[in-house]
Structures are given as C-alpha cells and as structure tokens.
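As stored in data_37.pdb (PDB, C-alpha atoms):
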```pdb
ATOM      1  CA  MET A  38     152.635  99.593 105.731
ATOM      2  CA  ALA A  39     149.847 101.099 103.666
ATOM      3  CA  LEU A  40     146.725  99.010 103.184
ATOM      4  CA  THR A  41     145.837  98.335  99.561
ATOM      5  CA  LEU A  42     143.209  96.199  97.855
ATOM      6  CA  ARG A  43     145.964  93.767  96.814
ATOM      7  CA  SER A  44     147.239  93.358 100.380
ATOM      8  CA  LEU A  45     143.687  92.770 101.661
ATOM      9  CA  ARG A  46     142.742  90.151  99.061
ATOM     10  CA  PRO A  47     143.938  87.087 101.089
ATOM     11  CA  PHE A  48     142.010  88.282 104.136
ATOM     12  CA  LEU A  49     138.851  89.043 102.122
ATOM     13  CA  GLY A  50     139.053  85.652 100.448
ATOM     14  CA  LYS A  51     139.055  83.899 103.839
ATOM     15  CA  LEU A  52     135.987  85.848 104.951
ATOM     16  CA  GLY A  53     133.932  84.926 101.890
ATOM     17  CA  THR A  54     131.184  86.904 100.189
ATOM     18  CA  GLY A  55     128.486  85.653 102.593
ATOM     19  CA  THR A  56     130.340  86.972 105.637
ATOM     20  CA  LEU A  57     130.991  90.290 103.915
ATOM     21  CA  ALA A  58     127.301  90.664 103.009
ATOM     22  CA  THR A  59     126.310  89.912 106.607
ATOM     23  CA  ALA A  60     128.781  92.453 107.946
ATOM     24  CA  LEU A  61     127.558  95.094 105.514
ATOM     25  CA  GLY A  62     123.941  94.404 106.487
ATOM     26  CA  LEU A  63     124.749  94.723 110.193
ATOM     27  CA  ALA A  64     126.577  97.982 109.537
ATOM     28  CA  LEU A  65     123.573  99.460 107.724
ATOM     29  CA  ALA A  66     121.155  98.248 110.399
ATOM     30  CA  THR A  67     123.175  99.815 113.206
ATOM     31  CA  LEU A  68     123.476 103.214 111.558
ATOM     32  CA  PRO A  69     121.661 105.833 113.656
ATOM     33  CA  ALA A  70     118.371 107.257 112.356
ATOM     34  CA  ARG A  71     118.657 110.741 110.909
ATOM     35  CA  ALA A  72     117.895 113.226 113.665
ATOM     36  CA  ASP A  73     118.966 116.412 111.869
ATOM     37  CA  ASN A  74     115.398 117.144 110.751
ATOM     38  CA  PRO A  75     113.092 115.086 113.032
ATOM     39  CA  ASP A  76     109.903 117.126 112.679
ATOM     40  CA  GLY A  77     108.198 119.974 110.846
ATOM     41  CA  PRO A  78     106.185 120.615 107.663
ATOM     42  CA  TYR A  79     106.833 119.197 104.203
ATOM     43  CA  LEU A  80     105.588 119.545 100.618
ATOM     44  CA  GLY A  81     105.775 116.963  97.872
ATOM     45  CA  VAL A  82     104.673 115.607  94.526
ATOM     46  CA  GLY A  83     104.255 112.065  93.280
ATOM     47  CA  SER A  84     103.820 110.253  89.989
ATOM     48  CA  GLY A  85     102.579 106.723  89.618
ATOM     49  CA  GLN A  86     100.517 104.028  87.975
ATOM     50  CA  PHE A  87      96.918 103.332  89.023
ATOM     51  CA  LYS A  88      95.166 100.025  88.349
ATOM     52  CA  LEU A  89      91.361 100.111  88.395
ATOM     53  CA  ASN A  90      89.892  96.800  89.533
ATOM     54  CA  ILE A  91      86.384  97.593  88.303
ATOM     55  CA  GLN A  92      83.686  95.021  89.095
ATOM     56  CA  ASN A  93      80.480  96.386  87.591
ATOM     57  CA  LEU A  94      78.962  99.300  85.672
ATOM     58  CA  ASP A  95      75.794  99.642  87.746
ATOM     59  CA  ASP A  96      76.165 103.425  87.715
ATOM     60  CA  ALA A  97      75.420 103.304  84.014
ATOM     61  CA  GLY A  98      72.375 101.086  84.448
ATOM     62  CA  THR A  99      73.887  98.033  82.761
ATOM     63  CA  ALA A 100      74.974  94.670  84.119
ATOM     64  CA  ALA A 101      78.238  93.743  82.449
ATOM     65  CA  ASN A 102      79.228  90.089  82.159
ATOM     66  CA  SER A 103      82.916  90.707  81.516
ATOM     67  CA  ILE A 104      84.904  93.876  82.230
ATOM     68  CA  LEU A 105      88.553  94.351  81.378
ATOM     69  CA  HIS A 106      90.477  96.038  84.167
ATOM     70  CA  SER A 107      92.570  99.018  83.173
ATOM     71  CA  SER A 108      95.410 101.218  84.332
ATOM     72  CA  ASN A 109      96.565 104.766  83.769
ATOM     73  CA  ASN A 110      99.127 107.296  84.892
ATOM     74  CA  ALA A 111      98.331 109.074  88.156
ATOM     75  CA  GLN A 112      99.595 112.174  89.967
ATOM     76  CA  LYS A 113      99.374 113.516  93.483
ATOM     77  CA  TYR A 114     100.361 116.680  95.316
ATOM     78  CA  PHE A 115     100.644 116.578  99.082
ATOM     79  CA  ALA A 116     101.537 118.511 102.224
ATOM     80  CA  GLY A 117     102.048 117.269 105.727
ATOM     81  CA  TYR A 118     103.461 117.810 109.160
ATOM     82  CA  ARG A 119     105.830 115.472 111.021
ATOM     83  CA  PHE A 120     105.319 115.566 114.780
ATOM     84  CA  SER A 121     108.307 113.240 115.278
ATOM     85  CA  PRO A 122     110.384 110.804 113.213
ATOM     86  CA  ASN A 123     107.547 108.284 113.756
ATOM     87  CA  TRP A 124     104.262 110.159 113.237
ATOM     88  CA  ALA A 125     102.868 112.562 110.645
ATOM     89  CA  ILE A 126      99.604 113.775 109.172
ATOM     90  CA  GLU A 127      99.235 114.374 105.459
ATOM     91  CA  ALA A 128      96.716 115.878 103.040
ATOM     92  CA  ALA A 129      96.917 115.007  99.339
ATOM     93  CA  TYR A 130      95.153 115.856  96.105
ATOM     94  CA  ILE A 131      95.117 112.635  94.069
ATOM     95  CA  ASP A 132      94.251 112.425  90.368
ATOM     96  CA  LEU A 133      93.946 108.787  89.300
ATOM     97  CA  GLY A 134      93.710 109.644  85.613
ATOM     98  CA  ARG A 135      91.350 108.285  82.958
ATOM     99  CA  CYS A 136      90.991 104.521  83.103
ATOM    100  CA  GLY A 137      88.972 102.675  80.482
ATOM    101  CA  ASP A 138      88.615  99.543  78.410
ATOM    102  CA  HIS A 139      86.129  97.192  76.756
ATOM    103  CA  PHE A 140      83.228  95.304  78.369
ATOM    104  CA  THR A 141      80.629  92.771  77.313
ATOM    105  CA  ALA A 142      77.040  92.974  78.510
ATOM    106  CA  THR A 143      73.681  91.373  77.882
ATOM    107  CA  GLY A 144      72.366  92.723  74.596
ATOM    108  CA  SER A 145      75.210  95.104  73.782
ATOM    109  CA  ASN A 146      78.945  95.496  74.271
ATOM    110  CA  GLY A 147      80.894  98.717  74.571
ATOM    111  CA  ASN A 148      83.685 100.739  76.123
ATOM    112  CA  TYR A 149      83.888 102.551  79.443
ATOM    113  CA  ARG A 150      85.988 105.432  80.756
ATOM    114  CA  VAL A 151      86.296 106.518  84.396
ATOM    115  CA  ASN A 152      87.789 109.778  85.698
ATOM    116  CA  ILE A 153      88.596 109.768  89.422
ATOM    117  CA  SER A 154      90.137 112.598  91.436
ATOM    118  CA  GLY A 155      89.842 113.892  94.966
ATOM    119  CA  PHE A 156      91.316 114.734  98.349
ATOM    120  CA  SER A 157      92.767 112.412 100.979
ATOM    121  CA  PRO A 158      93.667 113.126 104.627
ATOM    122  CA  ALA A 159      95.856 110.415 106.155
ATOM    123  CA  LEU A 160      97.824 109.377 109.223
ATOM    124  CA  ILE A 161     101.357 108.112 108.590
ATOM    125  CA  GLY A 162     103.512 106.015 110.895
ATOM    126  CA  SER A 163     107.236 105.699 110.138
ATOM    127  CA  LEU A 164     110.062 103.508 111.391
ATOM    128  CA  PRO A 165     113.620 104.753 110.679
ATOM    129  CA  ILE A 166     116.011 101.840 110.073
ATOM    130  CA  GLY A 167     119.498 103.162 109.508
ATOM    131  CA  PRO A 168     119.401 105.468 106.473
ATOM    132  CA  PHE A 169     116.045 104.064 105.346
ATOM    133  CA  GLU A 170     112.510 104.776 106.509
ATOM    134  CA  LEU A 171     109.632 102.298 106.468
ATOM    135  CA  SER A 172     106.160 103.854 106.510
ATOM    136  CA  ALA A 173     102.519 102.811 106.748
ATOM    137  CA  LYS A 174      99.516 104.972 105.868
ATOM    138  CA  ILE A 175      95.789 104.900 106.551
ATOM    139  CA  GLY A 176      93.291 107.524 105.460
ATOM    140  CA  GLU A 177      90.099 108.316 103.609
ATOM    141  CA  TYR A 178      89.752 109.254  99.934
ATOM    142  CA  TYR A 179      87.037 111.840  99.128
ATOM    143  CA  TYR A 180      86.645 111.774  95.364
ATOM    144  CA  ASP A 181      84.560 112.612  92.314
ATOM    145  CA  SER A 182      83.911 109.714  89.961
ATOM    146  CA  LYS A 183      82.761 110.353  86.388
ATOM    147  CA  LEU A 184      81.768 107.391  84.242
ATOM    148  CA  HIS A 185      81.226 107.471  80.482
ATOM    149  CA  VAL A 186      79.941 104.377  78.666
ATOM    150  CA  ASP A 187      79.743 103.953  74.889
ATOM    151  CA  PHE A 188      77.652 101.032  73.641
ATOM    152  CA  ASP A 189      78.176  99.329  70.308
ATOM    153  CA  ALA A 190      74.439  99.838  69.740
ATOM    154  CA  GLY A 191      72.550 102.608  71.474
ATOM    155  CA  PRO A 192      73.268 106.010  73.019
ATOM    156  CA  ALA A 193      76.144 106.713  75.398
ATOM    157  CA  ILE A 194      75.485 106.893  79.148
ATOM    158  CA  GLU A 195      77.186 109.172  81.663
ATOM    159  CA  SER A 196      77.022 109.307  85.452
ATOM    160  CA  SER A 197      78.915 111.128  88.200
ATOM    161  CA  HIS A 198      79.137 110.631  91.958
ATOM    162  CA  ARG A 199      80.867 112.017  95.015
ATOM    163  CA  ARG A 200      82.021 109.346  97.423
ATOM    164  CA  ASN A 201      84.590 108.551 100.089
ATOM    165  CA  ASP A 202      86.363 105.260 100.696
ATOM    166  CA  LEU A 203      89.236 103.778 102.681
ATOM    167  CA  LEU A 204      92.834 104.253 101.534
ATOM    168  CA  TYR A 205      95.854 102.467 103.014
ATOM    169  CA  GLY A 206      99.373 101.482 102.043
ATOM    170  CA  GLY A 207     103.051 101.357 102.853
ATOM    171  CA  GLY A 208     106.364 102.566 101.514
ATOM    172  CA  LEU A 209     110.143 102.716 101.721
ATOM    173  CA  GLY A 210     111.961 106.037 101.716
ATOM    174  CA  LEU A 211     115.398 107.605 101.854
ATOM    175  CA  THR A 212     116.339 111.162 102.821
ATOM    176  CA  PHE A 213     119.114 113.135 101.122
ATOM    177  CA  PHE A 214     120.778 116.297 102.434
ATOM    178  CA  ASP A 215     118.545 116.123 105.570
ATOM    179  CA  HIS A 216     115.609 117.602 103.612
ATOM    180  CA  LEU A 217     114.851 115.777 100.329
ATOM    181  CA  HIS A 218     112.828 112.636 101.071
ATOM    182  CA  VAL A 219     112.314 110.181  98.191
ATOM    183  CA  ARG A 220     109.813 107.368  98.647
ATOM    184  CA  ALA A 221     108.443 104.356  96.752
ATOM    185  CA  GLU A 222     104.909 103.619  97.919
ATOM    186  CA  TYR A 223     102.117 101.130  97.322
ATOM    187  CA  GLU A 224      98.501 102.084  98.091
ATOM    188  CA  THR A 225      95.171 100.277  97.966
ATOM    189  CA  ILE A 226      91.922 102.237  97.544
ATOM    190  CA  GLU A 227      88.640 100.493  98.327
ATOM    191  CA  LEU A 228      86.577 102.276  95.668
ATOM    192  CA  GLN A 229      82.912 101.472  95.431
ATOM    193  CA  SER A 230      82.350  99.004  92.559
ATOM    194  CA  ALA A 231      86.148  98.701  92.254
ATOM    195  CA  LYS A 232      87.436  97.143  95.471
ATOM    196  CA  HIS A 233      91.164  96.575  95.895
ATOM    197  CA  SER A 234      92.162  99.060  93.215
ATOM    198  CA  ASP A 235      95.791  99.974  93.772
ATOM    199  CA  ALA A 236      98.492 102.472  92.903
ATOM    200  CA  PHE A 237     102.274 102.435  92.891
ATOM    201  CA  TRP A 238     103.920 105.815  93.526
ATOM    202  CA  LEU A 239     107.345 107.381  93.305
ATOM    203  CA  SER A 240     107.331 110.650  95.232
ATOM    204  CA  ALA A 241     109.671 113.362  96.433
ATOM    205  CA  ALA A 242     109.049 115.709  99.368
ATOM    206  CA  TRP A 243     111.012 118.628 100.773
ATOM    207  CA  ARG A 244     111.139 118.609 104.569
ATOM    208  CA  PHE A 245     111.512 122.130 105.904
TER     209      PHE A 245
END
```
Write out the structure in this file as structure tokens.
Amino acid sequence: MALTLRSLRPFLGKLGTGTLATALGLALATLPARADNPDGPYLGVGSGQFKLNIQNLDDAGTAANSILHSSNNAQKYFAGYRFSPNWAIEAAYIDLGRCGDHFTATGSNGNYRVNISGFSPALIGSLPIGPFELSAKIGEYYYDSKLHVDFDAGPAIESSHRRNDLLYGGGLGLTFFDHLHVRAEYETIELQSAKHSDAFWLSAAWRF
C-alpha cells in the first residue's frame, strides 16, 4: 500500500507537533559536517550596518556634553585560508562608512562626521553542526580615522589618526554546493573614543 499524506495523518496526529519538532531537530543535529571541501583558500565580500558608539570629540579639541550615536552602511572584502573545518586565518579590508550626527558642547553646538577604514588580520575558529557552521573571530583592526566637526559658531575642525584596536565577534553560516559559504556575523570593534562600536554583516565567500 502506497504511503500518502492522508494515510499518515492519524499517525502524525498521535505524535503531536512538539514530538515532530524534536525529531526534526535531532535529525539536523546528527547530520554529518560537510567534508567535501574541508580546507583551502577563500575569497569573499560582505555588506553590513555599522553603529558608532562615540564617547567624545577630544580629537577636535572640544569636550562635548551630549553626542548622538550614529550608524552607516559598511562594506568589507576579505581573503582567508582554512587549515581545517575548525581553524582559519583571514585578512579583510573594512570600510565602516561615514558616520555623523549632532552634538552639544560648552559654548557651541555642531555636527560631526567620522570616516573609518582599514585592514584587519584575524583568527577564526569554527564548529560545524550538521549543515550549519558556528564561528568565532578575534583580530586587530588597523585603521585610518578622519574626523570633521562643524560648529554652529566658529570655524570647522578636522583631525586624522592612524590607530589599531581589538576586533572580535561571532557568526552563523551555511555552505551551498560545497563552495559558496553564506554567513551572518556580529562584530564588536573597540575603537578609541568609541568603545563597543559594533557591526552586523551579511557576507558570501567562495571556498576554492
């Protein structure tokens, strides 16, 4: 006798949706990790949203009483090498865009704009779980920071610096056709004068 959805309905009803969800979860968890492409180089690109958690404008020589945090679109281009399904090194060029907003300061208010871009080497650890891949990253961000401040009264001020600060984060990825790896990732960058600034990325990489 052929099995049809109608013939299975009484049996499925006895199991209940909770039991079916548990069974499906166990099936996904016991799927083997993809081993068709366990190591090698990869290239990728990412697009995301960066939130600047700016704390002061000391670079511009002014002490601001209230600064509005801001966000902007961000892009990154990266290359890496996977030594195994669990470990990789990665180098990325990260452009965090042009963040800016209003501030209030003693004597004069104004607007600020910050351009941040630079290079980041990082170590990545991954844990394949069925078809999915959990990852954690730690690295250093070497960047150029350019600040432009317009006051309501008085001349504009500009400053630029080269710095490096800690970068770390984690993500969840899925690989298609053994080569195309798509990942959602959250990163925190401990920028000077803007601690705990963060970015959310959607990226795609081709694993050779």
Result set of the PyMOL selection byres ((chain A and resi 180-193) around 7) on the coordinates above, as a count of residues only: 22
Who sits within 8 Å of range 125-135 of chain A, all atoms listed in the file, same chain under 3 positions skipped, as a list of chain:residue names: A:Phe87, A:Asn109, A:Asn110, A:Ala111, A:Gln112, A:Lys113, A:Tyr114, A:Phe115, A:Ala116, A:Gly117, A:Tyr118, A:Arg119, A:Phe120, A:Ser121, A:Arg150, A:Val151, A:Asn152, A:Ile153, A:Ser154, A:Gly155, A:Phe156, A:Ser157, A:Pro158, A:Ala159, A:Leu160, A:Ile161, A:Gly162
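Take CA of Asp138 in chain A and CA of Asp202 in chain A: the distance between them is 23.1 Å.
Counting all atoms listed in the file and comparing A:Gly176, A:Ser107, A:His139, A:Gly81, the residue that lies closest to Glu227 in chain A is A:Gly176.
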Given the PyMOL selection byres ((chain A and resi 77) around 8), the residues it picks as a ChimeraX atom specification: /A:74-76,78-79,118-120,244-245
Length of the CA of Pro165 in chain A to CA of His218 in chain A vector [Å]: 12.5 Å
Write out as an mmCIF file with C-alpha atoms, in the frame of the given file which residues come within 7 Å of range 209-216 of chain A when counting all atoms listed in the file, dropping same-chain ones fewer than 4 positions away.
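After the write, result_11.cif holds the following:
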```cif
data_model
loop_
_atom_site.group_PDB
_atom_site.id
_atom_site.type_symbol
_atom_site.label_atom_id
_atom_site.label_comp_id
_atom_site.auth_asym_id
_atom_site.auth_seq_id
_atom_site.Cartn_x
_atom_site.Cartn_y
_atom_site.Cartn_z
ATOM 1 C CA ASP A 73 118.966 116.412 111.869
ATOM 2 C CA ASN A 74 115.398 117.144 110.751
ATOM 3 C CA PRO A 168 119.401 105.468 106.473
ATOM 4 C CA PHE A 169 116.045 104.064 105.346
ATOM 5 C CA GLU A 170 112.510 104.776 106.509
ATOM 6 C CA LEU A 171 109.632 102.298 106.468
ATOM 7 C CA SER A 172 106.160 103.854 106.510
ATOM 8 C CA ARG A 220 109.813 107.368 98.647
ATOM 9 C CA ALA A 221 108.443 104.356 96.752
ATOM 10 C CA GLU A 222 104.909 103.619 97.919
ATOM 11 C CA TRP A 243 111.012 118.628 100.773
ATOM 12 C CA ARG A 244 111.139 118.609 104.569
ATOM 13 C CA PHE A 245 111.512 122.130 105.904
#
```
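In this model, the gap between CA of Ile91 in chain A and CA of Leu203 in chain A comes to 15.9 Å.
Residue nearest Leu228 in chain A within the list A:Ser163, A:Ala173, A:Leu204, A:Ala242: A:Leu204 [criterion: smallest interatomic distance, only C-alpha atoms].
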